[in-house]
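Engineer: Next comes the structure file query.csv, holding CSV, C-alpha atoms (C1' of nucleotides).
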chain,number,residue,atom,x,y,z
A,15,MET,CA,80.3,122.7,118.5
A,16,GLN,CA,84.1,122.3,118.4
A,17,ILE,CA,86.6,123.8,116.0
A,18,SER,CA,89.3,121.3,115.1
A,19,LYS,CA,92.7,121.8,116.5
A,20,GLY,CA,94.2,121.6,113.0
A,21,VAL,CA,92.6,125.0,112.3
A,22,GLU,CA,94.7,126.6,115.0
A,23,TRP,CA,97.9,125.0,113.7
A,24,ALA,CA,97.1,125.9,110.1
A,25,ALA,CA,96.4,129.5,111.0
A,26,HIS,CA,99.7,129.8,112.9
A,27,ALA,CA,101.6,128.2,110.1
A,28,ALA,CA,100.1,130.5,107.5
A,29,ALA,CA,100.8,133.5,109.7
A,30,LEU,CA,104.4,132.5,110.0
A,31,MET,CA,104.7,132.1,106.2
A,32,CYS,CA,103.8,135.8,105.9
A,33,ALA,CA,107.3,136.6,107.3
A,34,LEU,CA,109.1,134.6,104.5
A,35,PRO,CA,110.8,136.7,101.9
A,36,PRO,CA,109.4,136.2,98.3
A,37,GLY,CA,110.7,133.1,96.6
A,38,LYS,CA,111.3,131.3,99.9
A,39,GLY,CA,109.4,128.4,101.5
A,40,LEU,CA,109.3,126.1,104.5
A,41,ARG,CA,109.1,122.4,104.8
A,42,ALA,CA,106.2,120.8,106.7
A,43,GLU,CA,108.6,119.3,109.2
A,44,ALA,CA,110.1,122.7,109.9
A,45,LEU,CA,106.7,124.2,110.5
A,46,ALA,CA,105.8,121.4,112.9
A,47,ARG,CA,109.1,121.8,114.8
A,48,TYR,CA,108.7,125.6,115.0
A,49,HIS,CA,105.3,125.1,116.7
A,50,GLY,CA,106.2,122.1,118.7
A,51,VAL,CA,103.5,119.9,117.3
A,52,PRO,CA,103.5,116.3,115.8
A,53,GLY,CA,105.1,116.5,112.4
A,54,PRO,CA,102.9,114.1,110.4
A,55,TYR,CA,99.7,115.7,111.6
A,56,MET,CA,100.9,119.2,110.8
A,57,ALA,CA,101.8,117.9,107.4
A,58,LYS,CA,98.2,116.8,107.0
A,59,GLN,CA,96.9,120.3,107.6
A,60,MET,CA,99.4,121.6,105.1
A,61,GLN,CA,98.0,119.2,102.6
A,62,ALA,CA,94.6,120.5,103.2
A,63,LEU,CA,95.8,124.1,102.7
A,64,SER,CA,97.5,123.0,99.5
A,65,LYS,CA,94.4,121.3,98.2
A,66,ALA,CA,92.4,124.5,98.9
A,67,GLY,CA,94.8,126.6,96.9
A,68,ILE,CA,96.0,128.7,99.9
A,69,VAL,CA,99.6,127.5,99.8
A,70,HIS,CA,101.7,126.2,96.9
A,71,ALA,CA,103.6,123.0,97.4
A,72,ALA,CA,106.9,122.1,95.8
A,73,ARG,CA,107.9,118.4,95.9
A,74,GLY,CA,111.2,116.7,95.7
A,75,LYS,CA,114.6,117.7,97.1
A,76,HIS,CA,114.5,121.3,98.4
A,77,GLY,CA,110.8,121.3,98.3
A,78,GLY,CA,108.5,123.1,100.7
A,79,TYR,CA,105.4,125.3,101.1
A,80,ARG,CA,104.8,129.0,100.3
A,81,LEU,CA,101.7,131.1,100.3
A,82,ALA,CA,99.9,130.8,96.9
A,83,ARG,CA,98.7,134.4,96.8
A,84,PRO,CA,99.4,137.7,98.7
A,85,ALA,CA,98.7,137.5,102.4
A,86,ASP,CA,96.0,140.2,102.2
A,87,ARG,CA,94.0,137.9,100.0
A,88,ILE,CA,94.0,135.1,102.5
A,89,THR,CA,91.5,135.3,105.4
A,90,LEU,CA,91.0,133.3,108.5
A,91,TRP,CA,87.8,132.0,107.0
A,92,ASP,CA,89.8,130.6,104.0
A,93,VAL,CA,92.0,128.8,106.4
A,94,MET,CA,89.2,127.4,108.5
A,95,THR,CA,87.2,126.1,105.5
A,96,ALA,CA,90.3,124.6,104.0
A,97,ILE,CA,90.6,122.4,107.1
A,98,GLU,CA,87.0,121.9,108.2
A,99,GLY,CA,85.2,122.1,104.9
A,100,ASP,CA,82.6,124.7,104.1
A,101,LYS,CA,79.4,122.8,105.0
A,102,PRO,CA,77.2,124.8,107.5
A,103,ALA,CA,77.6,123.9,111.2
A,104,PHE,CA,73.8,123.7,111.7
A,105,THR,CA,72.2,121.1,109.5
A,106,CYS,CA,68.4,121.2,109.3
A,107,THR,CA,67.0,117.7,109.1
A,108,GLU,CA,63.5,119.0,108.5
A,109,ILE,CA,61.9,117.2,111.4
A,110,ARG,CA,58.9,119.5,111.0
A,111,GLN,CA,57.9,117.1,108.2
A,112,ASN,CA,57.9,114.1,110.6
A,113,GLY,CA,55.3,112.8,113.0
A,114,PRO,CA,51.5,112.9,113.2
A,115,CYS,CA,51.4,116.7,112.5
A,116,GLY,CA,54.2,116.7,109.9
A,117,ALA,CA,54.1,119.5,107.3
A,118,LYS,CA,53.8,118.6,103.6
A,119,PRO,CA,57.0,119.1,101.6
A,120,GLU,CA,55.3,121.8,99.5
A,121,GLN,CA,54.7,123.8,102.7
A,122,CYS,CA,58.5,123.8,103.3
A,123,ARG,CA,59.6,125.9,100.4
A,124,GLN,CA,61.5,128.3,102.7
A,125,LYS,CA,63.6,127.1,105.7
A,126,CYS,CA,62.0,127.0,109.1
A,127,ALA,CA,62.5,129.9,111.6
A,128,ILE,CA,65.0,127.9,113.6
A,129,ALA,CA,67.3,127.0,110.7
A,130,ALA,CA,67.0,130.6,109.5
A,131,ALA,CA,68.2,132.0,112.8
A,132,PHE,CA,71.2,129.6,113.0
A,133,HIS,CA,72.2,130.3,109.4
A,134,SER,CA,72.1,134.0,110.1
A,135,ALA,CA,74.3,133.6,113.1
A,136,GLU,CA,76.7,131.5,111.1
A,137,ALA,CA,76.8,134.1,108.4
A,138,ALA,CA,77.8,136.7,111.1
A,139,PHE,CA,80.6,134.3,112.3
A,140,ARG,CA,81.8,133.8,108.7
A,141,ASP,CA,81.8,137.6,108.0
A,142,HIS,CA,83.9,138.3,111.1
A,143,LEU,CA,86.5,135.7,110.1
A,144,ASP,CA,86.5,136.8,106.5
A,145,ALA,CA,87.3,140.4,107.5
A,146,VAL,CA,90.6,139.3,109.0
A,147,SER,CA,93.5,138.6,106.7
A,148,LEU,CA,96.9,137.1,107.4
A,149,VAL,CA,98.3,140.6,107.2
A,150,GLU,CA,96.3,141.8,110.2
A,151,ILE,CA,97.2,138.6,112.1
A,152,ALA,CA,100.9,139.1,111.3
A,153,ALA,CA,100.7,142.8,112.3
A,154,GLY,CA,99.1,141.8,115.6
A,155,VAL,CA,101.8,139.3,116.4
A,156,VAL,CA,104.6,141.7,115.6
A,157,ALA,CA,103.0,144.4,117.7
A,158,GLU,CA,102.8,142.2,120.8
A,159,THR,CA,106.3,140.6,120.5
A,160,PRO,CA,109.5,142.2,121.8
A,161,ALA,CA,112.0,143.3,119.2
A,162,GLU,CA,114.6,140.9,120.5
A,163,HIS,CA,112.4,137.9,120.1
A,164,LEU,CA,111.5,139.0,116.6
A,165,ARG,CA,115.1,138.9,115.6
A,166,ASP,CA,115.4,135.3,116.9
A,167,VAL,CA,112.5,134.4,114.7
A,168,GLY,CA,114.1,136.1,111.7
A,169,LYS,CA,117.3,134.1,112.2
A,170,TRP,CA,115.4,130.9,112.5
A,171,LEU,CA,113.6,131.6,109.3
A,172,GLU,CA,116.9,132.3,107.5
A,173,GLN,CA,118.2,129.0,108.7
A,174,GLU,CA,115.2,126.9,107.7
A,175,ALA,CA,113.9,128.7,104.6
A,176,VAL,CA,114.4,127.0,101.3
A,177,ALA,CA,114.4,128.6,97.8
A,178,LEU,CA,111.5,127.5,95.5
A,179,ALA,CA,109.6,128.7,92.5
B,81,MET,CA,82.7,122.6,113.3
B,82,GLN,CA,79.5,120.7,113.7
B,83,ILE,CA,76.4,121.6,115.8
B,84,SER,CA,74.9,118.6,117.5
B,85,LYS,CA,71.7,117.2,116.1
B,86,GLY,CA,70.3,117.4,119.6
B,87,VAL,CA,70.3,121.2,119.5
B,88,GLU,CA,67.8,121.1,116.6
B,89,TRP,CA,65.5,118.7,118.4
B,90,ALA,CA,65.7,120.7,121.6
B,91,ALA,CA,64.9,123.9,119.8
B,92,HIS,CA,61.9,122.4,118.1
B,93,ALA,CA,60.7,120.9,121.3
B,94,ALA,CA,61.0,124.2,123.2
B,95,ALA,CA,59.2,126.0,120.4
B,96,LEU,CA,56.3,123.6,120.5
B,97,MET,CA,56.0,124.1,124.3
B,98,CYS,CA,55.3,127.7,123.7
B,99,ALA,CA,51.9,126.7,122.3
B,100,LEU,CA,51.0,125.0,125.6
B,101,PRO,CA,48.4,126.7,127.8
B,102,PRO,CA,49.7,127.7,131.2
B,103,GLY,CA,49.8,124.9,133.7
B,104,LYS,CA,50.1,122.2,131.0
B,105,GLY,CA,53.0,120.1,130.0
B,106,LEU,CA,54.2,117.3,127.6
B,107,ARG,CA,55.9,114.0,128.3
B,108,ALA,CA,59.3,113.3,126.7
B,109,GLU,CA,57.8,110.4,124.8
B,110,ALA,CA,55.1,112.7,123.3
B,111,LEU,CA,57.7,115.3,122.2
B,112,ALA,CA,59.7,112.6,120.5
B,113,ARG,CA,56.6,111.1,118.8
B,114,TYR,CA,55.5,114.5,117.6
B,115,HIS,CA,58.9,115.1,115.9
B,116,GLY,CA,59.3,111.6,114.7
B,117,VAL,CA,62.7,111.0,116.4
B,118,PRO,CA,64.0,108.2,118.7
B,119,GLY,CA,62.3,108.6,122.1
B,120,PRO,CA,65.2,107.9,124.5
B,121,TYR,CA,67.5,110.3,122.7
B,122,MET,CA,65.0,113.1,122.7
B,123,ALA,CA,64.5,112.4,126.4
B,124,LYS,CA,68.2,112.9,126.9
B,125,GLN,CA,68.0,116.4,125.3
B,126,MET,CA,65.1,117.2,127.6
B,127,GLN,CA,67.2,116.2,130.6
B,128,ALA,CA,69.8,118.7,129.5
B,129,LEU,CA,67.2,121.4,129.1
B,130,SER,CA,66.0,120.6,132.6
B,131,LYS,CA,69.5,120.6,134.1
B,132,ALA,CA,70.0,124.1,132.5
B,133,GLY,CA,66.9,125.4,134.1
B,134,ILE,CA,65.1,126.1,130.8
B,135,VAL,CA,62.3,123.6,131.4
B,136,HIS,CA,60.8,122.4,134.6
B,137,ALA,CA,60.4,118.6,134.9
B,138,ALA,CA,57.7,116.9,137.0
B,139,ARG,CA,58.3,113.2,137.8
B,140,GLY,CA,56.0,110.4,138.7
B,141,LYS,CA,52.6,109.6,137.2
B,142,HIS,CA,51.2,112.4,135.1
B,143,GLY,CA,54.6,113.9,134.9
B,144,GLY,CA,56.1,115.9,132.0
B,145,TYR,CA,57.9,119.0,131.0
B,146,ARG,CA,56.9,122.7,130.8
B,147,LEU,CA,58.9,125.9,130.1
B,148,ALA,CA,60.5,127.1,133.3
B,149,ARG,CA,60.1,130.8,132.5
B,150,PRO,CA,58.3,133.0,130.0
B,151,ALA,CA,59.2,132.2,126.4
B,152,ASP,CA,60.5,135.7,125.7
B,153,ARG,CA,63.2,135.0,128.3
B,154,ILE,CA,64.5,131.9,126.6
B,155,THR,CA,66.8,132.4,123.6
B,156,LEU,CA,68.2,130.0,121.1
B,157,TRP,CA,71.6,130.6,122.7
B,158,ASP,CA,70.2,129.3,126.0
B,159,VAL,CA,69.0,126.2,124.2
B,160,MET,CA,72.2,125.6,122.4
B,161,THR,CA,74.5,126.0,125.4
B,162,ALA,CA,72.2,123.7,127.4
B,163,ILE,CA,72.9,120.9,125.0
B,164,GLU,CA,76.4,121.6,123.8
B,165,GLY,CA,77.9,123.4,126.9
B,166,ASP,CA,79.2,126.9,126.9
B,167,LYS,CA,82.8,126.3,126.3
B,168,PRO,CA,84.2,128.3,123.4
B,169,ALA,CA,84.4,126.5,120.0
B,170,PHE,CA,87.9,127.7,119.4
B,171,THR,CA,90.3,126.5,122.1
B,172,CYS,CA,93.7,128.2,122.0
B,173,THR,CA,96.4,125.7,123.0
B,174,GLU,CA,99.1,128.4,123.1
B,175,ILE,CA,101.4,126.8,120.6
B,176,ARG,CA,103.2,130.2,120.4
B,177,GLN,CA,104.9,129.1,123.6
B,178,ASN,CA,106.3,125.9,122.0
B,179,GLY,CA,109.2,125.2,119.8
B,180,PRO,CA,112.7,126.8,119.4
B,181,CYS,CA,111.3,130.4,119.3
B,182,GLY,CA,108.6,129.8,121.9
B,183,ALA,CA,107.4,132.9,123.7
B,184,LYS,CA,107.8,133.2,127.5
B,185,PRO,CA,104.6,132.9,129.5
B,186,GLU,CA,104.9,136.5,130.8
B,187,GLN,CA,104.8,137.7,127.1
B,188,CYS,CA,101.4,136.0,126.7
B,189,ARG,CA,99.3,138.1,129.1
B,190,GLN,CA,96.8,138.8,126.4
B,191,LYS,CA,95.6,136.3,123.9
B,192,CYS,CA,97.2,136.0,120.5
B,193,ALA,CA,95.8,137.7,117.4
B,194,ILE,CA,94.4,134.4,116.0
B,195,ALA,CA,92.5,133.5,119.2
B,196,ALA,CA,91.2,137.1,119.5
B,197,ALA,CA,89.8,136.9,116.0
B,198,PHE,CA,88.1,133.6,116.6
B,199,HIS,CA,86.7,134.7,119.9
B,200,SER,CA,85.3,137.9,118.3
B,201,ALA,CA,83.6,135.9,115.6
B,202,GLU,CA,82.2,133.5,118.2
B,203,ALA,CA,80.8,136.5,120.1
B,204,ALA,CA,79.0,137.7,117.0
B,205,PHE,CA,77.6,134.2,116.6
B,206,ARG,CA,76.4,134.1,120.2
B,207,ASP,CA,74.9,137.6,120.0
B,208,HIS,CA,72.8,136.7,116.9
B,209,LEU,CA,71.4,133.6,118.6
B,210,ASP,CA,70.9,135.4,121.9
B,211,ALA,CA,68.7,138.0,120.1
B,212,VAL,CA,66.2,135.4,119.0
B,213,SER,CA,63.8,134.2,121.7
B,214,LEU,CA,61.3,131.3,121.5
B,215,VAL,CA,58.6,133.9,121.0
B,216,GLU,CA,60.1,135.0,117.7
B,217,ILE,CA,60.6,131.4,116.6
B,218,ALA,CA,57.0,130.5,117.5
B,219,ALA,CA,55.7,133.6,115.6
B,220,GLY,CA,57.7,132.6,112.6
B,221,VAL,CA,56.3,129.1,112.6
B,222,VAL,CA,52.7,130.3,112.9
B,223,ALA,CA,53.2,132.8,110.1
B,224,GLU,CA,54.4,130.2,107.7
B,225,THR,CA,51.9,127.5,108.5
B,226,PRO,CA,48.3,127.2,107.0
B,227,ALA,CA,45.5,127.8,109.5
B,228,GLU,CA,44.1,124.4,108.9
B,229,HIS,CA,47.3,122.7,109.9
B,230,LEU,CA,47.6,124.9,113.0
B,231,ARG,CA,44.2,123.5,114.1
B,232,ASP,CA,45.5,120.0,113.8
B,233,VAL,CA,48.5,120.9,116.0
B,234,GLY,CA,46.1,122.5,118.6
B,235,LYS,CA,44.0,119.3,118.7
B,236,TRP,CA,47.1,117.1,119.1
B,237,LEU,CA,48.3,119.3,122.0
B,238,GLU,CA,44.9,119.0,123.7
B,239,GLN,CA,45.1,115.2,123.5
B,240,GLU,CA,48.6,114.9,124.8
B,241,ALA,CA,49.0,117.7,127.2
B,242,VAL,CA,49.1,116.8,130.9
B,243,ALA,CA,48.3,119.1,133.9
B,244,LEU,CA,51.2,119.8,136.2
B,245,ALA,CA,52.3,122.4,138.7
C,257,DC,C1',120.5,110.7,81.1
C,258,DC,C1',120.2,108.1,85.2
C,259,DT,C1',120.3,107.5,90.1
C,260,DA,C1',119.7,108.8,94.7
C,261,DT,C1',117.7,111.6,98.0
C,262,DT,C1',114.2,114.3,99.9
C,263,DT,C1',109.9,116.0,99.8
C,264,DC,C1',104.7,116.0,99.5
C,265,DG,C1',100.3,113.1,98.9
C,266,DG,C1',97.0,109.7,100.0
C,267,DA,C1',95.7,105.5,102.6
C,268,DT,C1',95.8,103.6,107.3
C,269,DA,C1',95.2,102.7,112.8
C,270,DT,C1',93.8,105.0,117.3
C,271,DT,C1',91.4,108.0,120.3
C,272,DC,C1',87.6,110.6,121.7
C,273,DA,C1',83.0,112.8,121.3
C,274,DT,C1',78.5,112.2,119.6
C,275,DT,C1',74.6,109.2,119.0
C,276,DG,C1',71.5,106.0,120.6
C,277,DT,C1',69.7,102.8,124.4
C,278,DC,C1',68.6,100.9,128.7
C,279,DC,C1',67.4,100.2,133.7
C,280,DG,C1',67.0,102.2,138.4
C,281,DA,C1',65.4,106.4,141.4
C,282,DT,C1',61.4,109.3,142.2
C,283,DT,C1',56.9,111.0,142.3
C,284,DA,C1',51.9,111.2,142.4
C,285,DA,C1',47.8,109.0,142.4
C,286,DA,C1',44.6,105.1,143.6
D,168,DT,C1',50.5,101.1,151.0
D,169,DT,C1',50.6,99.7,146.6
D,170,DT,C1',51.1,100.6,141.9
D,171,DA,C1',52.0,102.6,137.8
D,172,DA,C1',54.2,105.9,135.1
D,173,DT,C1',57.6,109.4,134.7
D,174,DC,C1',62.3,111.5,134.7
D,175,DG,C1',67.4,110.9,135.7
D,176,DG,C1',71.8,109.1,135.2
D,177,DA,C1',74.7,105.1,133.8
D,178,DC,C1',75.7,102.1,129.7
D,179,DA,C1',77.0,100.4,124.4
D,180,DA,C1',77.6,101.6,119.3
D,181,DT,C1',78.7,104.6,115.8
D,182,DG,C1',81.3,108.2,113.5
D,183,DA,C1',84.5,112.0,113.3
D,184,DA,C1',88.8,114.0,114.7
D,185,DT,C1',93.6,112.8,115.9
D,186,DA,C1',97.9,110.7,114.9
D,187,DT,C1',100.9,107.9,111.9
D,188,DC,C1',102.9,105.4,108.2
D,189,DC,C1',104.4,104.2,103.4
D,190,DG,C1',104.2,105.1,98.4
D,191,DA,C1',104.4,108.8,94.4
D,192,DA,C1',106.7,112.7,92.6
D,193,DA,C1',110.3,115.8,91.6
D,194,DT,C1',114.7,117.9,91.9
D,195,DA,C1',119.9,118.0,92.4
D,196,DG,C1',123.9,115.9,91.4
D,197,DG,C1',126.8,112.5,89.1
Please lay out the structure from this file as C-alpha cells.
Structural biologist:
Amino acid sequence: MQISKGVEWAAHAAALMCALPPGKGLRAEALARYHGVPGPYMAKQMQALSKAGIVHAARGKHGGYRLARPADRITLWDVMTAIEGDKPAFTCTEIRQNGPCGAKPEQCRQKCAIAAAFHSAEAAFRDHLDAVSLVEIAAGVVAETPAEHLRDVGKWLEQEAVALA
Amino acid sequence: MQISKGVEWAAHAAALMCALPPGKGLRAEALARYHGVPGPYMAKQMQALSKAGIVHAARGKHGGYRLARPADRITLWDVMTAIEGDKPAFTCTEIRQNGPCGAKPEQCRQKCAIAAAFHSAEAAFRDHLDAVSLVEIAAGVVAETPAEHLRDVGKWLEQEAVALA
DNA sequence: CCTATTTCGGATATTCATTGTCCGATTAAA
DNA sequence: TTTAATCGGACAATGAATATCCGAAATAGG
C-alpha cells in the first residue's frame, strides 16, 4: 500500500494556492519551482486536479491555475482521489468462489467478512481525510512558520502571481 | 493506493487455518488449491506470514503450516503488515524545505500539517484492522455459510490436514 | 483581424514495485 | 543412510508509477 508522491505535491500546491488573493493564479512551472520538484511532472498533477474540478485552468498567455471553489470546500480526500482515483484500495477477487469447496454465486450476495473489514477501515481513512479542508492545512502551516518567513512567501507570491478570470 | 492481492490471499488462508484442530497443519500447495490460486505465489505469501511469526512452518516430509499463536491474537493488521511491510503509506519528502522559500531544517521539528493529517488517517485505518482478529473473521464466515457447505469444508480439511508439532 | 507567444492538455519513454515462477536448502521418515 | 517431500530464498515477466516531450488552445499585442 503506497500513496503516490504526486498526492503530496498536489496537496502542497493546493495549500499554497489558498494564500493567493482572489482573481490571481499561478503557473504550473511556478508551482514546481516553488516546491523544488520536476516541472513537467508537477504539471501532470495539476492536470489531474483540473480534470477533477478542484482547480480552474486558464490557457494561453498569462494563463495559470486557481482554486475552483472556496478552500473550505476542498478536502484532502478530494485532492487524493483526484490524483489516485477513487477505486477502493482493497479489491475483493471473490476467491471464496474458487477451488473444490467454492461457494455458489447466490451464496455471495453480501461481501465476505474480510472484504467488509477492509472496506470499513478504508471508510475510516476516507472520513479522516475528508474532515480536513485546505483551510485547516493553511492555518496549520501559518501557525508553525515564523512571521519573517511568511513575508518572504508573500513577496514571492506577488512576484509570480498572474491575473486571471 | 493499492493493497496487494497477496494480502487477500493470506487473510483467507489464515482464516481457513482457524478451522484446523490443534496439532494439525496444511501444506502451501493445499492452501493454494483450496482457494484456486497459483501455488508458488501463495507459497510466497505463506513465507511472509512465517517470517512475521504469524504462522509456524514445518519443513521436510509431512511438513506444513499452522497458526503460531491463538487466533484471537492475530489481527488483520498483523496479516497485512506481514505481506506489505509496516512502512507508512504516505511518505513525506519534506518538499517544504525545497525551493526559493524553503524552510530551514530547524523549523521542521514537527511534521507539516499535510503529513500529520495523512498519518492520522492511516492510524484510524490501522486501528480498525487491528480491532478485527481471525476469530471474528472465522465467525463471520461460519455465520454466512450454509451448514451443508460447512460439512464439505470439514471433510476437505480432514483429507488434507497433516500432523505436525 | 491576424500573428506570435505562452500556457495547458494529452500522448509518450523510463524506472520501480508487484506479480508470478523456479530451483536449492532442510527436514523427517523409511 | 537414503529418499522423498516440504519450505525458503533467488530469479524473470508484467503492470503501475514516475518523468518527459510535443501538439492544441487561448490571449495580448500589432
Engineer: Go through chain C and flag each residue having an atom no more than 9 Å from chain A; for those, report the closest pair of atoms plus their distance in Å to one decimal, using all atoms listed in the file, ordered by chain and rising number, as JSON lines.
Structural biologist:
{"residue": "C:DT261", "atom": "C1'", "partner": "A:Lys75", "partner_atom": "CA", "distance": 6.9}
{"residue": "C:DT262", "atom": "C1'", "partner": "A:Lys75", "partner_atom": "CA", "distance": 4.4}
{"residue": "C:DT263", "atom": "C1'", "partner": "A:Gly74", "partner_atom": "CA", "distance": 4.4}
{"residue": "C:DC264", "atom": "C1'", "partner": "A:Arg73", "partner_atom": "CA", "distance": 5.4}
{"residue": "C:DG265", "atom": "C1'", "partner": "A:Gln61", "partner_atom": "CA", "distance": 7.5}
Engineer: If you measure from atom CA of A:Met15 to atom CA of A:Tyr55, what distance in Å do you get, rounded to one decimal?
Structural biologist: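 One can read the atom CA of A:Met15 to atom CA of A:Tyr55 distance as 21.7 Å.
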Engineer: Could you list, as a VMD selection string, the residues of chain D having an atom within 12 Å of chain B when counting only C-alpha atoms (C1' of nucleotides)?
Structural biologist: chain D and resid 170 to 176 183 to 184
Engineer: Please dump the current selection as a short mmCIF file (atom, residue, chain, number, x, y, z; two decimals), in the coordinates of the input; keep C-alpha atoms (C1' of nucleotides).
Structural biologist:
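What follows is the written file part.cif:
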data_model
loop_
_atom_site.label_atom_id
_atom_site.label_comp_id
_atom_site.auth_asym_id
_atom_site.auth_seq_id
_atom_site.Cartn_x
_atom_site.Cartn_y
_atom_site.Cartn_z
"C1'" DT D 170 51.10 100.60 141.90
"C1'" DA D 171 52.00 102.60 137.80
"C1'" DA D 172 54.20 105.90 135.10
"C1'" DT D 173 57.60 109.40 134.70
"C1'" DC D 174 62.30 111.50 134.70
"C1'" DG D 175 67.40 110.90 135.70
"C1'" DG D 176 71.80 109.10 135.20
"C1'" DA D 183 84.50 112.00 113.30
"C1'" DA D 184 88.80 114.00 114.70
#
Engineer: Mind giving me the straight-line distance from atom C1' of D:DA193 to atom CA of A:Ile97 in Å, one decimal?
Structural biologist: 25.9 Å
Engineer: Could you check the closest approach to chain A for each of B:Glu202, B:Glu186, B:Glu240, B:Asp158 and tell me which residue wins, using only C-alpha atoms?
Structural biologist: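 Of B:Glu202, B:Glu186, B:Glu240, B:Asp158, the one nearest chain A, counting only C-alpha atoms, is B:Glu202.
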Engineer: Any idea what the distance is between atom CA of B:Leu96 and atom CA of B:Val215?
Structural biologist: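 Taking atom CA of B:Leu96 as the start and atom CA of B:Val215 as the end point, the length is 10.6 Å.
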Engineer: Please determine the contact residues of chain A with respect to chain B at a cut-off of 6 Å, counting only C-alpha atoms, and supply them as a ChimeraX atom specification.
Structural biologist: /A:15-17,48-50,103-104,109,112-113,127,135,139,142,151,154
Engineer: May I have the residues within 10 Å of D:DG197 as a list in words, using all atoms listed in the file and disregarding those fewer than 2 positions away in the same chain?
Structural biologist: DC258, DT259 and DA260 of chain C; DA195 of chain D
